[in-house]
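Have a look at input04.txt; it's compact mmCIF, C-alpha atoms and all ligand atoms:
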# COMPACT_ATOMS: atom_id res chain seq x y z
CA MET K 209 117.53 143.40 128.31
CA THR K 210 117.54 146.15 130.92
CA GLY K 211 114.05 147.49 130.74
CA THR K 212 110.49 147.48 129.47
CA TYR K 213 108.11 150.41 129.10
CA ARG K 214 104.58 149.02 129.22
CA ILE K 215 101.43 150.80 128.15
CA GLY K 216 98.47 149.93 130.36
CA ASP K 217 96.68 150.66 133.59
CA ALA K 218 99.09 150.80 136.52
CA ILE K 219 97.06 148.42 138.69
CA ASP K 220 96.67 145.78 135.96
CA GLU K 221 100.29 145.99 134.93
CA LEU K 222 101.60 145.90 138.50
CA ARG K 223 99.45 142.85 139.20
CA SER K 224 100.84 141.14 136.11
CA LEU K 225 104.41 141.47 137.41
CA GLU K 226 105.92 138.77 139.59
CA SER K 227 105.09 139.52 143.20
CA GLU K 228 108.03 140.30 145.50
CA SER K 229 110.33 140.96 142.53
CA ALA K 230 111.26 144.65 142.89
CA ALA K 231 113.85 146.18 145.18
CA VAL K 232 112.41 149.68 144.73
CA VAL K 233 109.18 151.16 143.35
CA CYS K 234 109.31 154.82 142.30
CA LEU K 235 105.77 156.22 142.12
CA ASP K 236 104.89 159.69 140.81
CA ASP K 237 101.18 159.06 140.82
CA ALA K 238 98.51 160.94 138.88
CA TRP K 239 96.37 161.61 141.96
CA ALA K 240 93.46 164.01 141.43
CA ARG K 241 93.67 166.73 144.01
CA PRO K 242 90.77 169.16 143.59
CA LYS K 243 91.22 171.17 140.39
CA ARG K 244 94.40 169.33 139.46
CA GLY K 245 92.89 168.31 136.14
CA ASP K 246 92.75 171.97 135.13
CA ALA K 247 96.25 172.85 136.22
CA TYR K 248 99.05 173.88 133.90
CA GLY K 249 101.27 170.94 133.01
CA VAL K 250 98.65 168.30 133.91
CA GLU K 251 97.41 167.23 130.51
CA TYR K 252 97.49 163.56 131.45
CA PRO K 253 94.60 161.62 133.06
CA THR K 254 94.28 161.82 136.84
CA HIS K 255 92.39 159.51 139.20
CA ASP K 256 90.80 159.54 142.63
CA LEU K 257 92.45 158.68 145.91
CA GLU K 258 90.85 155.24 146.04
CA GLN K 259 92.61 154.30 142.80
CA THR K 260 95.85 155.73 144.15
CA GLN K 261 95.46 153.50 147.20
CA GLN K 262 94.91 150.47 144.96
CA ILE K 263 98.08 151.38 143.08
CA LEU K 264 99.94 151.64 146.41
CA ALA K 265 98.65 148.19 147.42
CA ALA K 266 99.81 146.74 144.08
CA CYS K 267 103.20 148.45 144.57
CA ARG K 268 103.51 146.74 147.94
CA ASP K 269 102.78 143.33 146.41
CA VAL K 270 105.48 143.77 143.79
CA LEU K 271 108.11 144.84 146.32
CA LYS K 272 110.51 142.29 147.76
CA PRO K 273 110.37 141.98 151.53
CA GLY K 274 112.51 144.85 152.77
CA GLY K 275 112.14 146.77 149.49
CA TRP K 276 111.42 150.49 149.39
CA LEU K 277 108.67 152.70 148.03
CA ILE K 278 109.77 156.16 146.89
CA ALA K 279 106.67 158.28 146.22
CA ASP K 280 106.38 161.91 145.11
CA ALA K 281 103.73 164.09 146.75
CA ASP K 282 102.39 167.62 146.88
CA ASP K 283 100.94 169.49 149.85
CA TRP K 284 97.48 168.04 149.26
CA PHE K 285 98.58 164.44 148.75
CA LEU K 286 101.35 164.28 151.35
CA PRO K 287 99.23 163.98 154.55
CA ARG K 288 96.85 161.57 152.81
CA LEU K 289 99.71 159.40 151.59
CA VAL K 290 101.44 159.35 154.98
CA ASN K 291 98.16 158.48 156.76
CA TYR K 292 97.54 155.66 154.31
CA LEU K 293 101.05 154.27 154.68
CA ARG K 294 100.99 154.47 158.47
CA GLU K 295 97.70 152.60 158.58
CA GLU K 296 98.37 150.02 155.87
CA TRP K 297 102.16 149.58 155.84
CA GLY K 298 102.87 150.33 159.50
CA ASP K 299 104.45 153.19 161.38
CA ALA K 300 108.19 152.73 161.44
CA ALA K 301 108.49 155.21 164.29
CA GLU K 302 106.44 152.87 166.48
CA THR K 303 107.78 149.48 165.46
CA TYR K 304 111.03 150.56 163.86
CA GLN K 305 110.52 147.62 161.54
CA ASN K 306 108.53 148.73 158.56
CA GLY K 307 106.21 151.19 156.94
CA PHE K 308 106.21 154.95 156.56
CA ARG K 309 109.67 156.17 157.46
CA LYS K 310 110.62 159.57 156.11
CA VAL K 311 109.43 162.62 154.24
CA GLY K 312 112.20 163.90 152.02
CA SER K 313 112.12 166.39 149.19
CA VAL K 314 113.58 167.58 145.95
CA THR K 315 114.44 171.28 145.91
CA LEU K 316 114.58 172.55 142.36
CA THR K 317 117.05 175.14 141.22
CA ALA K 318 117.28 177.23 138.09
CA GLN K 319 120.23 176.57 135.76
CA ASP K 320 122.41 179.08 137.68
CA GLY K 321 121.83 177.17 140.93
CA ASP K 322 119.48 179.72 142.51
CA PRO K 323 116.26 178.37 144.02
CA ASP K 324 113.68 177.89 141.30
CA ARG K 325 110.83 180.40 141.48
CA SER K 326 109.48 179.89 137.99
CA THR K 327 106.08 178.63 139.22
CA PRO K 328 105.38 180.70 142.34
CA GLY K 329 101.59 180.19 142.33
CA TRP K 330 99.18 182.49 144.17
CA TYR K 331 100.00 181.46 147.71
CA GLY K 332 103.72 180.92 147.92
CA ALA K 333 106.26 178.90 145.96
CA ASN K 334 107.33 175.37 146.89
CA GLY K 335 110.44 175.38 144.75
CA GLY K 336 110.24 171.61 144.59
CA TYR K 337 108.18 168.74 145.99
CA SER K 338 107.96 166.24 148.83
CA VAL K 339 109.06 162.62 148.49
CA VAL K 340 107.90 159.89 150.87
CA PHE K 341 109.97 156.82 151.73
CA ALA K 342 108.49 153.61 153.16
CA ASP K 343 109.86 150.08 153.46
CA LYS K 344 108.00 146.80 153.16
CA GLY K 345 108.54 144.82 156.32
CA GLU K 346 111.78 144.62 158.19
CA THR K 347 114.57 145.78 155.94
CA GLY K 348 118.26 145.06 155.72
CA ARG K 349 118.53 147.76 153.05
CA ARG K 350 120.08 150.53 155.07
CA TRP K 351 121.26 153.50 153.12
CA SER K 352 122.79 156.89 153.74
CA ALA K 353 121.93 159.04 150.70
CA SER K 354 120.03 162.14 151.75
CA VAL K 355 116.25 162.01 151.40
CA ARG K 356 116.52 165.75 150.66
CA GLN K 357 118.05 166.29 147.27
CA ILE K 358 118.74 169.44 145.26
CA ALA K 359 118.44 169.25 141.49
CA ARG K 360 118.16 171.52 138.50
CA ARG K 361 114.67 171.86 137.11
CA PRO K 362 114.61 169.95 133.80
CA GLN K 363 114.80 172.44 130.96
CA GLU K 364 112.65 170.41 128.61
CA ARG K 365 109.24 168.85 129.13
CA PHE K 366 109.59 166.45 126.19
CA GLY K 367 105.97 167.22 125.38
CA TRP K 368 104.72 165.64 128.59
CA GLY K 369 103.34 166.88 131.94
CA SER K 370 105.32 167.40 135.11
CA VAL K 371 108.82 166.28 134.25
CA LYS K 372 110.93 165.40 137.30
CA PRO K 373 114.75 165.47 137.47
CA ILE K 374 116.76 162.25 137.15
CA ALA K 375 119.60 162.97 139.57
CA PRO K 376 117.69 162.41 142.85
CA TYR K 377 116.53 159.00 141.61
CA GLU K 378 120.09 158.14 140.72
CA ALA K 379 121.26 158.92 144.25
CA TRP K 380 118.48 156.87 145.84
CA ILE K 381 118.49 153.89 143.50
CA GLU K 382 122.27 153.58 143.65
CA SER K 383 122.16 153.65 147.43
CA ILE K 384 119.24 151.27 148.01
CA THR K 385 119.64 148.62 145.27
CA GLU K 386 122.32 146.34 143.88
CA PRO K 387 123.23 146.13 140.18
CA GLY K 388 120.80 143.85 138.36
CA GLU K 389 117.96 144.36 140.81
CA LEU K 390 114.56 145.47 139.57
CA VAL K 391 113.19 149.02 139.82
CA VAL K 392 109.49 149.43 138.98
CA VAL K 393 108.13 152.81 137.85
CA PRO K 394 104.31 153.01 137.67
CA CYS K 395 102.70 156.20 136.26
CA ALA K 396 106.08 156.73 134.65
CA GLY K 397 105.55 159.63 132.24
CA THR K 398 109.03 160.43 130.91
CA ALA K 399 110.31 157.83 133.42
CA PRO K 400 113.24 159.64 135.06
CA ALA K 401 113.58 156.78 137.58
CA ALA K 402 113.84 154.26 134.72
CA ILE K 403 116.54 156.34 133.04
CA ALA K 404 118.41 156.50 136.36
CA ALA K 405 118.03 152.73 136.78
CA GLU K 406 119.37 152.11 133.27
CA ARG K 407 122.39 154.33 133.92
CA LEU K 408 123.10 152.35 137.07
CA GLY K 409 122.77 148.93 135.44
CA ARG K 410 119.53 148.05 137.23
CA GLU K 411 116.64 146.23 135.58
CA TRP K 412 113.51 148.35 135.28
CA VAL K 413 109.85 148.21 134.28
CA ALA K 414 108.01 151.46 133.55
CA ILE K 415 104.22 151.67 133.19
CA ASP K 416 101.95 154.41 131.86
CA SER K 417 98.42 154.38 130.50
CA GLU K 418 99.27 156.81 127.67
CA PRO K 419 101.27 155.88 124.55
CA GLU K 420 102.27 159.57 124.31
CA ALA K 421 104.04 159.23 127.65
CA ARG K 422 106.23 156.49 126.21
CA GLU K 423 107.00 158.66 123.21
CA ALA K 424 108.02 161.43 125.61
CA TYR K 425 110.18 158.92 127.51
CA ARG K 426 111.88 157.93 124.26
CA ARG K 427 112.69 161.56 123.49
CA ARG K 428 113.98 162.11 127.00
CA ARG K 429 116.04 158.95 127.01
CA GLU K 430 117.56 159.84 123.67
CA SER K 431 118.46 163.26 125.02
CA GLU K 432 119.93 161.86 128.26
CA LEU K 433 121.61 158.71 126.95
CA GLY K 434 122.12 159.74 123.35
CA ASN K 435 125.63 158.38 122.76
CA ASP K 436 124.84 154.78 123.45
CA GLU K 437 126.19 151.73 121.72
CA GLN K 438 124.54 148.66 123.23
CA GLN K 439 121.06 147.58 122.39
CA THR K 440 118.16 147.25 124.76
CA LEU K 441 114.72 145.94 124.02
CA VAL K 442 111.84 148.20 124.87
CA ALA K 443 108.82 145.99 124.58
CA ALA K 444 105.28 147.22 124.50
CA THR K 445 102.17 145.51 125.77
CA ASP K 446 99.90 147.44 123.40
CA GLY K 447 99.56 144.81 120.73
CA GLY K 448 103.06 143.38 120.80
CA ASN K 449 104.63 146.52 119.37
CA SER K 450 108.28 145.91 120.36
CA ARG K 451 111.19 148.13 119.38
CA THR K 452 114.87 148.30 120.02
CA LEU K 453 116.61 151.37 121.33
CA ASN K 454 120.20 152.22 121.97
CA THR K 455 121.25 151.93 125.59
CA ALA K 456 123.75 153.74 127.76
CA THR K 457 127.47 153.18 127.72
CA ASP K 458 128.61 156.81 127.81
CA ARG K 459 126.79 158.09 130.85
CA GLU K 460 128.04 161.63 130.60
CA GLY K 461 126.99 162.00 126.97
CA GLY K 462 123.80 163.98 126.62
CA ASP K 463 123.55 164.40 130.39
CA SER K 464 121.76 167.68 130.80
CA ARG K 465 121.57 167.73 134.59
C1 LIG H 501 102.77 162.95 137.51
S1 LIG H 501 102.85 162.18 135.93
C2 LIG H 501 104.45 161.42 135.97
C3 LIG H 501 105.54 162.34 135.46
C4 LIG H 501 106.93 161.75 135.57
N1 LIG H 501 107.40 161.74 136.94
C5 LIG H 501 107.94 162.49 134.72
O1 LIG H 501 108.94 163.00 135.25
O2 LIG H 501 107.73 162.57 133.49
C6 LIG H 501 101.73 160.85 136.12
C7 LIG H 501 101.60 159.88 134.96
O3 LIG H 501 100.64 158.89 135.30
C8 LIG H 501 100.00 158.46 134.11
N2 LIG H 501 98.74 157.80 134.49
C9 LIG H 501 97.56 158.35 134.82
N3 LIG H 501 96.66 157.38 135.14
C10 LIG H 501 97.31 156.20 135.00
C11 LIG H 501 96.92 154.83 135.19
N4 LIG H 501 95.69 154.49 135.61
N5 LIG H 501 97.84 153.87 134.95
C12 LIG H 501 99.09 154.20 134.53
N6 LIG H 501 99.51 155.47 134.35
C13 LIG H 501 98.63 156.45 134.59
C14 LIG H 501 99.84 159.74 133.31
O4 LIG H 501 99.66 159.46 131.94
C15 LIG H 501 101.15 160.48 133.63
O5 LIG H 501 102.13 160.23 132.66
As structure tokens - that is how I would like this structure written.
Ligand SMILES: C[S@@+](CC[C@H](N)C(=O)[O-])C[C@H]1O[C@@H](n2cnc3c(N)ncnc32)[C@H](O)[C@@H]1O
Amino acid sequence: MTGTYRIGDAIDELRSLESESAAVVCLDDAWARPKRGDAYGVEYPTHDLEQTQQILAACRDVLKPGGWLIADADDWFLPRLVNYLREEWGDAAETYQNGFRKVGSVTLTAQDGDPDRSTPGWYGANGGYSVVFADKGETGRRWSASVRQIARRPQERFGWGSVKPIAPYEAWIESITEPGELVVVPCAGTAPAAIAAERLGREWVAIDSEPEAREAYRRRRESELGNDEQQTLVAATDGGNSRTLNTATDREGGDSR
């Protein structure tokens, strides 16, 4: 078995996992910045900052000592996330041992490689998003992949919210973890980090509150890893509804990056 996609509340599900079991947690949280609930592409439930902070605390518990949090942010969430991490996880710049360490980014391009300007907004285009990196305690996991990645904007949304590219997760997970280690993906949506982890032979657990998100993940996985031969068990916690899916052996097949 390489992975499980669980349906449930992120905090409950994270707390039910073995503490100190994950090498990396990839969090693309559903924080509720003002008006986010009305925004295009945000059809999923959002929650307040207090709940986000509880999710972050549960992420920390599930991380191994020296494990890494990789968390997506926008311009509203970024300073709040960094402040929280500096206060609660420590300021790596001061101690050089643990805590908030870097702000990286994913720059999105159109299919031709030009910067993506498809969602310019009223006050300037980001053309991507920020990604925050923080380690839990002193870490021997040193890595050299760039925290600033460039990736094509996913062409499909698989019927679900803000779909992030897989390739940046692949670069980071490959660099930070060893084969067989656990990657946890709360608020997973289409779970690009879980698909990256599967490609790399890492164990993974994805969590989302919405069964539709798991359906979207299944469509995305099928599209990305469509030519698979092995079997993996994708178990559900919503009433013991377990299913088997094909898993990746031909990593290039169906790769739409
Ligand atoms: C920003 S989206 C993640 C999108 C994902 N990165 C992708 O590429 O598809 C946030 C996700 O969090 C889920 N969510 C919202 N509240 C949650 C909660 N309390 N527990 C677990 N998941 C939650 C939403 O259903 C949504 O799928």
Quiz item: CA of Arg422 (chain K) and CA of Phe341 (chain K), how far apart in Å?
Solution: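 So the two atoms, CA of Phe341 (chain K) and CA of Arg422 (chain K), lie 25.8 Å apart.
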Quiz item: Looking at K:Glu228, K:Asp282, K:Asp269, K:Asp220, which one is nearest to Ser313 (chain K), with distances taken over all atoms listed in the file?
Solution: K:Asp282
Quiz prompt | Residues within 7 Å of ligand LIG 501 (chain H), counting all atoms listed in the file, as a list in words | solution = Gly216, Asp217, Ala218, Ile219, Asp236, Asp237, Ala238, Tyr252, Pro253, Thr254, His255, Trp368, Gly369, Ser370, Val371, Lys372, Pro373, Pro394, Cys395, Ala396, Gly397, Thr398, Ala399, Pro400, Ile415, Asp416, Ser417, Glu418 and Ala421 of chain K
Practice problem: Work out how far CA of Ala401 (chain K) is from CA of Leu286 (chain K), in Å to one decimal. | Solution: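 The value is 19.9 Å.
Of the listed residues (K:Glu251, K:Glu411, K:Glu389, K:Glu423), K:Glu411 comes nearest to Gly211 (chain K); the distances count all atoms listed in the file.
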Quiz item: Trp351 (chain K): which residues within 9 Å, counting all atoms listed in the file, same-chain residues fewer than 5 positions away excluded, as an MDAnalysis selection string?
Solution: chainID K and resid 380 383:384
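When CA of Ala342 (chain K) is paired with CA of Ala281 (chain K), their separation reads 13.2 Å.
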Quiz item: Between K:Leu222, K:Leu264, K:Cys234, K:Ala240, which is the closest to Ala405 (chain K) once you count all atoms listed in the file?
Solution: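 Closest to Ala405 (chain K), using all atoms listed in the file: K:Cys234.
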Practice problem: Skip region 293-300 of chain K itself and residues of its chain fewer than 3 positions away, then list as a ChimeraX atom specification all residues within 10 Å of it, counting all atoms listed in the file. | Solution: /K:261,264-265,268,287-290,303-310,340-346
Practice problem: Pick out the closest residue to Arg241 (chain K) from this set: K:Thr327, K:Ser229, K:Cys267, K:Phe285. Count only C-alpha atoms. | Solution: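 Looking only at the distances to Arg241 (chain K), the closest residue turns out to be K:Phe285.
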Would you give the centre and edge lengths, in Å to one decimal, of a box along x, y and z around the listed atoms of region 228-233 of chain K, with 4 Å added to each side, as JSON?
{"center_x": 110.9, "center_y": 145.7, "center_z": 144.0, "size_x": 13.8, "size_y": 18.9, "size_z": 11.0}
Exercise. Would you please work out which residue, of K:Gly312, K:Gly335, K:Gly409, K:Gly388, is nearest to Ala230 (chain K) when using all atoms listed in the file?
Key: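 So, comparing all the options, the nearest one is K:Gly388.
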Quiz item: Could you pull the residues within 7 Å of Asp256 (chain K), counting all atoms listed in the file, minus those fewer than 3 positions along the same chain, as a list in words?
Solution: Trp239, Ala240, Gln259 and Thr260 of chain K
Exercise. Could you give me, as a ChimeraX atom specification, the residues that sit within 6 Å of (114.4, 159.6, 146.8) in the file's coordinates, counting only C-alpha atoms?
Key: /K:278,355,376-377,380
